[in-house]
Amino acid sequence: MSRAAGKASLVYRPIRNLVVAEFIEEIRLAARALAEFGVHLFNPTIRLGVTGLSRAGKTVFITALVHGLVRGGRFPVFEALATGRIARAYLAPQADDAVSRFDYENHINALVDKRSWPTSTRQISELRLVIEYQSLSGYQHTLTLDIVDYPGEWLLDLPLLTKTYEIWASESLRLSRQRPRADLAKDWHAHLATLDPEGMEDEQQALTAARLFTEYLRACRDNNYAISLLPPGRFLMPGDLANTPALTFTPLELSTEGPPPAGSLWAMMRRRYESYRSVVVRPFFRDHFARLDRQIVLVDTLAAINAGPDALLDLEQELGQVLDCFQTGRKTILSALLRPRIDRILLAATKADHLHHTSHDRLETILKHLTQRATAQAELAGAQVDVVALAAIRATREAMVRRGRQELPCVLGVPIAGETIAGEIFDGETEAAIFPGDLPDDPTDLLRSDNRFHGSVTFPQNADFRFLRVRPPVLEFTEKGVPALPHIRLDRALQFLIGDRLV
Ligand SMILES: Nc1nc2c(ncn2[C@@H]2O[C@H](COP(=O)(O)OP(=O)(O)OP(=O)(O)O)[C@@H](O)[C@H]2O)c(=O)[nH]1
Ligand SMILES: [Mg+2]
C-alpha cells in the first residue's frame with residue numbers, strides 16, 4: 001500500500017464505527033484541535049507524551065531530561081544544545097488546569113540531594129518547559145515543550161474503544177487460557193463456571209467475579225506477563241474509581257452473540273464495560289492522547305529478558321499493540337487535517353546502565369527485533385519510529401575486574417541499602433562490582449525456550465546481579481564546570497524527539 005493510501009484508510013476507517021455519541025465527541029475534538037492549531041501557530045509547541053508500564057522509568061526520564069535542559073547537561077548528540085544555540089530553558093506554568101503538575105522539584109531533590117530514586121507515580125502529570133534558542137539562520141525563537149507523563153496501562157486501554165463487550169470478553173478469556181496465564185486464572189475460571197450469563201443480574205456475583213479477575217490481572221503483572229495484553233488497565237490502578245460499578249465487571253463465558261436478555265448478568269457486565277469506556281477510556285483519548293505530537297515509550301526490556309522467552313514474546317505483542325494505538329492516534333477527519341498525528345515515536349529500552357557498554361547496541365537490537373513488524377506498520381501510517389537503549393541516569397561506572405585469570409567487564413555501583421547478593425546485605429554506602437553478563441548478538445537466541453541468557457550470570461557465587469538496584473550517582477561536571485547527571489544516550493533521544501523543531 002502506498003504511504004498516501006495508508007494515511008487515507010486510517011483517517012476514514014473509524015468513521016464506519018461512529019455512533020452519535022462518538023460523532024459529538026469527534027466534533028469536540030476537532031474544535032479543540034482547531035483552537036490549539038491557532039495558538040500553536042504563534043507559539044510553537046510540542047506535546048511530548050512519555051509513557052511505559054509501571055516502573056519502566058518515566059519519572060526518572062522526565063526529571064533527567066528537564067534537569068539537563070534547564071541546567072545544561074552533557075548532551076553532545078543534542079545538536080542545538082551542543083552547539084550553544086539554546087540560550088536558556090526554564091519551567092513555566094502548565095496550560096492544563098485540571099492535570100497535576102509533574103513534581104520536578106521533589107524528584108530532582110530526591111535524586112541529587114538524597115541520592116534516592118523518586119517515588120512511584122500513578123497519575124497523569126504535566127510539565128511545561130520553554131526553550132529559547134537561536135535558529136540556524138540566526139533568529140531568536142521560542143519553543144514550548146509540554147511533557148505529559150502517563151501510565152502505559154492507560155494507553156493500552158485504547159483498543160477497547162473499537163471493541164464490543166462480547167469481543168473483548170472472548171479475547172480476554174482466550175488469552176487467559178493460554179500458557180503461562182492459565183495457572184494464574186484458575187480461581188477466576190472456576191468462579192466463571194458457576195455463573196449463568198443469561199441469569200438474573202446479581203451484585204454479589206459481579207463483585208466476586210471482578211475481584212478474582214483483578215487478582216488474575218495482578219498476578220500476571222507480578223509475574224511479568226505483559227499486563228498490557230489484558231486491559232482494562234485501570235483495574236490495577238483504580239484511583240478515585242475504586243469500587244465503582246465502572247470497575248466491577250469481568251468477561252463472561254458467552255455461548256451466543258447477543259443481544260443479552262434484559263436484566264441479565266450479561267447485560268449488567270456489558271453496561272459496566274460501556275461505562276468504563278465512557279468514564280475512563282474516552283476522556284483519556286480526548287483530553288490527552290489525541291493531543292500528543294511526539295511520543296516516547298519506555299520499556300524495561302531487561303526485566304523481560306530476565307523473565308525469559310514467554311515474557312519476551314508477550315512484550316513483542318504488547319509493543320505491537322502500543323504502536324497500533326499510535327497508528328489510529330488522531331482519528332478525526334478535522335483534527336487529522338488541522339494537525340498531524342503523532343509523527344515521531346521513540347521506543348526506548350531503559351536502564352541500560354545495568355549492562356556494560358559492549359551490550360548497549362545489542363539491547364537496542366533486541367528491542368528493534370521485538371518491534372520490527374509493528375514499526376513497519378506505524379511507519380506506513382506516516383510516523384517516524386526509532387529505537388534506542390538508554391539510561392536517563394547512569395547510576396554505574398565501568399571497570400574490568402580480574403577474576404582468577406579472567407578479566408571481566410563489570411559495572412560498579414552502590415547497591416541500595418538492604419539489597420542482598422548471595423547473603424551479603426548492602427548498607428547503601430559500599431560500592432560493588434557487578435558482572436552483568438553479555439547479551440547475545442542474535443536477538444532470536446533470547447526467544448528460544450532453551451535460551452541460556454536467562455539466569456546465566458555467574459559472577460560471583462552464581463548470583464543474578466541484573467536486578468540489583470543501585471543508588472543514583474553523584475553529579476558529574478561538564479566541560480563548562482556545570483554539575484550534570486550522567487546518562488547514556490539521553491541526548492540521542494532528545495535529538496530525535498525535538499531536535500528537528502529547534503533548527
Ligand atoms: N540504574 C537505573 N535505574 C533506573 C533508571 N531509570 C529508572 N530506574 C529504576 O527504575 C525505577 C522506576 O523508575 P521510575 O522513573 O520511577 O519509573 P516510572 O515508570 O515513573 O514508574 P511508576 O511511576 O511507578 O509508573 C527507579 O526507582 C529506579 O530504581 C536509570 O536510568 N538507571
Ligand atoms: Mg512515575
# chains A, B, ... in the order shown; residues from 1 in each chain; ligands from 1
>>> residues_near_ligand(ligand="ligand 2", cutoff="10 Å", atoms="only C-alpha atoms and all ligand atoms", output="ChimeraX atom specification")
/A:50-62,102,107,118-125,149-151
>>> write_last_selection(atoms="N, CA and C atoms", output="PDB file, in the first residue's frame")
ATOM      1  N   VAL A  50       5.154  10.853  27.459  1.00  0.00           N
ATOM      2  CA  VAL A  50       6.149   9.916  27.992  1.00  0.00           C
ATOM      3  C   VAL A  50       5.365   8.798  28.657  1.00  0.00           C
ATOM      4  N   THR A  51       5.492   7.609  28.123  1.00  0.00           N
ATOM      5  CA  THR A  51       4.714   6.525  28.708  1.00  0.00           C
ATOM      6  C   THR A  51       5.544   5.253  28.831  1.00  0.00           C
ATOM      7  N   GLY A  52       4.981   4.256  29.464  1.00  0.00           N
ATOM      8  CA  GLY A  52       5.653   2.997  29.737  1.00  0.00           C
ATOM      9  C   GLY A  52       4.912   2.368  30.889  1.00  0.00           C
ATOM     10  N   LEU A  53       5.018   1.050  31.007  1.00  0.00           N
ATOM     11  CA  LEU A  53       4.316   0.396  32.113  1.00  0.00           C
ATOM     12  C   LEU A  53       4.951   0.811  33.437  1.00  0.00           C
ATOM     13  N   SER A  54       4.294   0.474  34.530  1.00  0.00           N
ATOM     14  CA  SER A  54       4.758   0.963  35.822  1.00  0.00           C
ATOM     15  C   SER A  54       6.194   0.494  36.076  1.00  0.00           C
ATOM     16  N   ARG A  55       7.001   1.365  36.613  1.00  0.00           N
ATOM     17  CA  ARG A  55       8.423   1.187  36.910  1.00  0.00           C
ATOM     18  C   ARG A  55       9.315   1.163  35.672  1.00  0.00           C
ATOM     19  N   ALA A  56       8.796   1.531  34.522  1.00  0.00           N
ATOM     20  CA  ALA A  56       9.618   1.494  33.301  1.00  0.00           C
ATOM     21  C   ALA A  56      10.701   2.578  33.319  1.00  0.00           C
ATOM     22  N   GLY A  57      10.460   3.645  34.099  1.00  0.00           N
ATOM     23  CA  GLY A  57      11.466   4.705  34.186  1.00  0.00           C
ATOM     24  C   GLY A  57      10.986   6.063  33.679  1.00  0.00           C
ATOM     25  N   LYS A  58       9.665   6.301  33.697  1.00  0.00           N
ATOM     26  CA  LYS A  58       9.108   7.550  33.165  1.00  0.00           C
ATOM     27  C   LYS A  58       9.542   8.765  33.988  1.00  0.00           C
ATOM     28  N   THR A  59       9.358   8.648  35.316  1.00  0.00           N
ATOM     29  CA  THR A  59       9.651   9.800  36.175  1.00  0.00           C
ATOM     30  C   THR A  59      11.135  10.153  36.100  1.00  0.00           C
ATOM     31  N   VAL A  60      11.976   9.133  36.117  1.00  0.00           N
ATOM     32  CA  VAL A  60      13.420   9.387  36.067  1.00  0.00           C
ATOM     33  C   VAL A  60      13.782  10.015  34.716  1.00  0.00           C
ATOM     34  N   PHE A  61      13.182   9.527  33.655  1.00  0.00           N
ATOM     35  CA  PHE A  61      13.472  10.068  32.319  1.00  0.00           C
ATOM     36  C   PHE A  61      13.119  11.554  32.241  1.00  0.00           C
ATOM     37  N   ILE A  62      11.919  11.902  32.680  1.00  0.00           N
ATOM     38  CA  ILE A  62      11.493  13.311  32.567  1.00  0.00           C
ATOM     39  C   ILE A  62      12.363  14.198  33.456  1.00  0.00           C
ATOM     40  N   PHE A 102       3.794  17.834  37.118  1.00  0.00           N
ATOM     41  CA  PHE A 102       4.866  16.874  37.358  1.00  0.00           C
ATOM     42  C   PHE A 102       5.770  17.466  38.437  1.00  0.00           C
ATOM     43  N   HIS A 107      11.333  15.455  42.777  1.00  0.00           N
ATOM     44  CA  HIS A 107      12.047  14.333  42.156  1.00  0.00           C
ATOM     45  C   HIS A 107      13.545  14.631  42.035  1.00  0.00           C
ATOM     46  N   PRO A 118      13.102   8.587  42.772  1.00  0.00           N
ATOM     47  CA  PRO A 118      11.807   9.194  43.096  1.00  0.00           C
ATOM     48  C   PRO A 118      10.746   8.132  43.389  1.00  0.00           C
ATOM     49  N   THR A 119       9.726   8.553  44.142  1.00  0.00           N
ATOM     50  CA  THR A 119       8.672   7.586  44.458  1.00  0.00           C
ATOM     51  C   THR A 119       7.799   7.331  43.227  1.00  0.00           C
ATOM     52  N   SER A 120       7.090   6.215  43.274  1.00  0.00           N
ATOM     53  CA  SER A 120       6.240   5.807  42.165  1.00  0.00           C
ATOM     54  C   SER A 120       5.106   6.810  41.968  1.00  0.00           C
ATOM     55  N   THR A 121       4.741   7.049  40.719  1.00  0.00           N
ATOM     56  CA  THR A 121       3.648   7.983  40.425  1.00  0.00           C
ATOM     57  C   THR A 121       2.565   7.200  39.706  1.00  0.00           C
ATOM     58  N   ARG A 122       1.332   7.468  40.021  1.00  0.00           N
ATOM     59  CA  ARG A 122       0.263   6.663  39.433  1.00  0.00           C
ATOM     60  C   ARG A 122      -0.674   7.458  38.542  1.00  0.00           C
ATOM     61  N   GLN A 123      -0.507   8.764  38.566  1.00  0.00           N
ATOM     62  CA  GLN A 123      -1.439   9.630  37.850  1.00  0.00           C
ATOM     63  C   GLN A 123      -0.783  10.264  36.643  1.00  0.00           C
ATOM     64  N   ILE A 124      -1.598  10.808  35.799  1.00  0.00           N
ATOM     65  CA  ILE A 124      -1.068  11.600  34.699  1.00  0.00           C
ATOM     66  C   ILE A 124      -0.549  12.917  35.274  1.00  0.00           C
ATOM     67  N   SER A 125       0.551  13.414  34.755  1.00  0.00           N
ATOM     68  CA  SER A 125       1.024  14.724  35.198  1.00  0.00           C
ATOM     69  C   SER A 125       1.709  15.421  34.028  1.00  0.00           C
ATOM     70  N   ASP A 149       3.350  12.929  31.347  1.00  0.00           N
ATOM     71  CA  ASP A 149       3.738  11.615  31.881  1.00  0.00           C
ATOM     72  C   ASP A 149       2.449  10.841  32.152  1.00  0.00           C
ATOM     73  N   TYR A 150       2.228   9.736  31.455  1.00  0.00           N
ATOM     74  CA  TYR A 150       1.002   8.974  31.729  1.00  0.00           C
ATOM     75  C   TYR A 150       1.288   7.481  31.719  1.00  0.00           C
ATOM     76  N   PRO A 151       0.553   6.720  32.544  1.00  0.00           N
ATOM     77  CA  PRO A 151       0.822   5.286  32.653  1.00  0.00           C
ATOM     78  C   PRO A 151       0.519   4.559  31.347  1.00  0.00           C
TER      79      PRO A 151
END
>>> residues_around(residues="Ala87 (chain A)", least_positions_apart="6", cutoff="10 Å", atoms="only C-alpha atoms", output="PyMOL selection string")
chain A and resi 80-81+131-134+140-142
>>> residues_around(residues="Gly199 (chain A)", least_positions_apart="6", cutoff="9 Å", atoms="only C-alpha atoms", output="PyMOL selection string")
chain A and resi 261+263-266
>>> write_last_selection(atoms="N, CA and C atoms", output="short mmCIF file (atom, residue, chain, number, x, y, z; two decimals), in the first residue's frame")
data_model
loop_
_atom_site.label_atom_id
_atom_site.label_comp_id
_atom_site.auth_asym_id
_atom_site.auth_seq_id
_atom_site.Cartn_x
_atom_site.Cartn_y
_atom_site.Cartn_z
N PRO A 261 -30.27 -10.90 27.33
CA PRO A 261 -31.62 -10.70 27.88
C PRO A 261 -31.63 -9.53 28.86
N GLY A 263 -32.00 -7.37 32.06
CA GLY A 263 -31.90 -7.70 33.48
C GLY A 263 -30.93 -8.85 33.76
N SER A 264 -30.22 -9.35 32.76
CA SER A 264 -29.32 -10.49 32.99
C SER A 264 -27.95 -10.01 33.47
N LEU A 265 -27.18 -10.98 33.99
CA LEU A 265 -25.81 -10.70 34.44
C LEU A 265 -24.99 -10.19 33.24
N TRP A 266 -25.20 -10.79 32.12
CA TRP A 266 -24.52 -10.38 30.88
C TRP A 266 -24.82 -8.91 30.56
#
>>> select_by_dssp(residues="region 139-341 of chain A", states="alpha helix (DSSP H)", output="PyMOL selection string")
chain A and resi 152-155+165-176+181-184+186-193+203-222+265-276+282-287+301-307+309-327+333-338
>>> write_last_selection(atoms="C-alpha atoms", output="short mmCIF file (atom, residue, chain, number, x, y, z; two decimals), in the first residue's frame")
data_model
loop_
_atom_site.label_atom_id
_atom_site.label_comp_id
_atom_site.auth_asym_id
_atom_site.auth_seq_id
_atom_site.Cartn_x
_atom_site.Cartn_y
_atom_site.Cartn_z
CA GLY A 152 1.23 2.88 29.74
CA GLU A 153 -1.64 0.87 31.18
CA TRP A 154 -3.98 3.70 30.16
CA LEU A 155 -2.67 3.70 26.63
CA TYR A 165 -18.10 -6.17 25.31
CA GLU A 166 -18.59 -9.53 23.63
CA ILE A 167 -15.41 -9.30 21.55
CA TRP A 168 -13.35 -8.08 24.50
CA ALA A 169 -14.73 -10.88 26.72
CA SER A 170 -13.94 -13.62 24.25
CA GLU A 171 -10.41 -12.27 23.53
CA SER A 172 -9.62 -11.92 27.23
CA LEU A 173 -10.84 -15.41 28.01
CA ARG A 174 -8.88 -16.91 25.12
CA LEU A 175 -5.70 -15.24 26.35
CA SER A 176 -6.31 -16.35 29.92
CA ARG A 181 -1.55 -17.35 32.29
CA ALA A 182 -3.92 -20.29 32.61
CA ASP A 183 -2.47 -21.28 36.01
CA LEU A 184 -2.94 -17.79 37.36
CA LYS A 186 -7.65 -20.89 37.82
CA ASP A 187 -9.74 -19.36 40.63
CA TRP A 188 -11.34 -16.85 38.33
CA HIS A 189 -12.16 -19.52 35.73
CA ALA A 190 -13.65 -21.73 38.45
CA HIS A 191 -15.92 -18.90 39.54
CA LEU A 192 -16.96 -18.10 35.96
CA ALA A 193 -18.03 -21.72 35.51
CA GLU A 203 -24.24 -7.66 42.52
CA GLN A 204 -22.50 -10.20 44.76
CA GLN A 205 -21.64 -12.40 41.81
CA ALA A 206 -20.35 -9.38 39.93
CA LEU A 207 -18.23 -8.29 42.91
CA THR A 208 -16.67 -11.72 43.36
CA ALA A 209 -16.01 -12.17 39.65
CA ALA A 210 -14.44 -8.70 39.35
CA ARG A 211 -12.27 -9.35 42.42
CA LEU A 212 -10.99 -12.67 41.05
CA PHE A 213 -10.45 -11.15 37.62
CA THR A 214 -8.44 -8.31 39.19
CA GLU A 215 -6.38 -10.81 41.21
CA TYR A 216 -5.60 -12.65 38.00
CA LEU A 217 -4.51 -9.42 36.30
CA ARG A 218 -2.35 -8.55 39.27
CA ALA A 219 -0.73 -12.00 39.27
CA CYS A 220 0.07 -11.58 35.56
CA ARG A 221 1.68 -8.23 36.23
CA ASP A 222 3.67 -9.51 39.19
CA LEU A 265 -25.81 -10.70 34.44
CA TRP A 266 -24.52 -10.38 30.88
CA ALA A 267 -26.47 -7.14 30.32
CA MET A 268 -25.09 -5.81 33.61
CA MET A 269 -21.49 -6.60 32.63
CA ARG A 270 -21.98 -5.12 29.20
CA ARG A 271 -23.42 -1.90 30.69
CA ARG A 272 -20.49 -1.56 33.07
CA TYR A 273 -17.99 -2.19 30.30
CA GLU A 274 -19.64 0.65 28.39
CA SER A 275 -19.34 2.86 31.49
CA TYR A 276 -15.64 2.04 31.72
CA ARG A 282 -12.79 8.14 26.06
CA PRO A 283 -11.79 11.07 28.32
CA PHE A 284 -8.18 9.89 28.26
CA PHE A 285 -8.26 9.68 24.48
CA ARG A 286 -9.92 13.05 24.06
CA ASP A 287 -8.14 15.08 26.74
CA THR A 301 13.42 -4.65 28.21
CA LEU A 302 15.99 -6.08 30.60
CA ALA A 303 13.27 -7.13 33.03
CA ALA A 304 11.53 -9.03 30.22
CA ILE A 305 14.80 -10.59 29.07
CA ASN A 306 15.43 -11.76 32.56
CA ALA A 307 11.92 -13.18 32.92
CA PRO A 309 11.18 -16.20 26.43
CA ASP A 310 7.46 -16.14 27.36
CA ALA A 311 7.77 -12.65 28.78
CA LEU A 312 9.67 -11.54 25.68
CA LEU A 313 7.01 -12.90 23.36
CA ASP A 314 4.42 -11.09 25.46
CA LEU A 315 6.45 -7.92 25.21
CA GLU A 316 6.59 -8.28 21.43
CA GLN A 317 2.79 -8.45 21.23
CA GLU A 318 2.42 -5.66 23.74
CA LEU A 319 4.63 -3.32 21.73
CA GLY A 320 2.68 -4.22 18.61
CA GLN A 321 -0.47 -3.07 20.36
CA VAL A 322 1.22 0.11 21.56
CA LEU A 323 2.24 1.02 18.03
CA ASP A 324 -1.24 0.17 16.79
CA CYS A 325 -2.63 2.78 19.17
CA PHE A 326 -0.42 5.41 17.56
CA GLN A 327 -1.43 4.44 14.08
CA ILE A 333 -11.02 13.93 9.86
CA LEU A 334 -10.85 17.53 11.02
CA SER A 335 -8.12 17.09 13.58
CA ALA A 336 -6.14 14.97 11.16
CA LEU A 337 -6.34 17.78 8.65
CA LEU A 338 -5.56 20.52 11.12
#
>>> select_by_dssp(residues="region 85-191 of chain A", states="strand (DSSP E or B)", output="JSON, numbers by chain")
{"A": [86, 87, 88, 89, 90, 91, 92, 100, 101, 125, 126, 127, 128, 129, 130, 131, 132, 133, 134, 140, 141, 142, 143, 144, 145, 146, 147, 148, 149]}
>>> residues_around(residues="region 483-493 of chain A", least_positions_apart="5", cutoff="6 Å", atoms="only C-alpha atoms", output="MDAnalysis selection string")
chainID A and resid 73 75 77:78 390:394 475:477
>>> closest_residue(among="A:Ala422, A:Leu127, A:Ala290, A:Leu355", to="Glu36 (chain A)", atoms="only C-alpha atoms")
A:Ala290
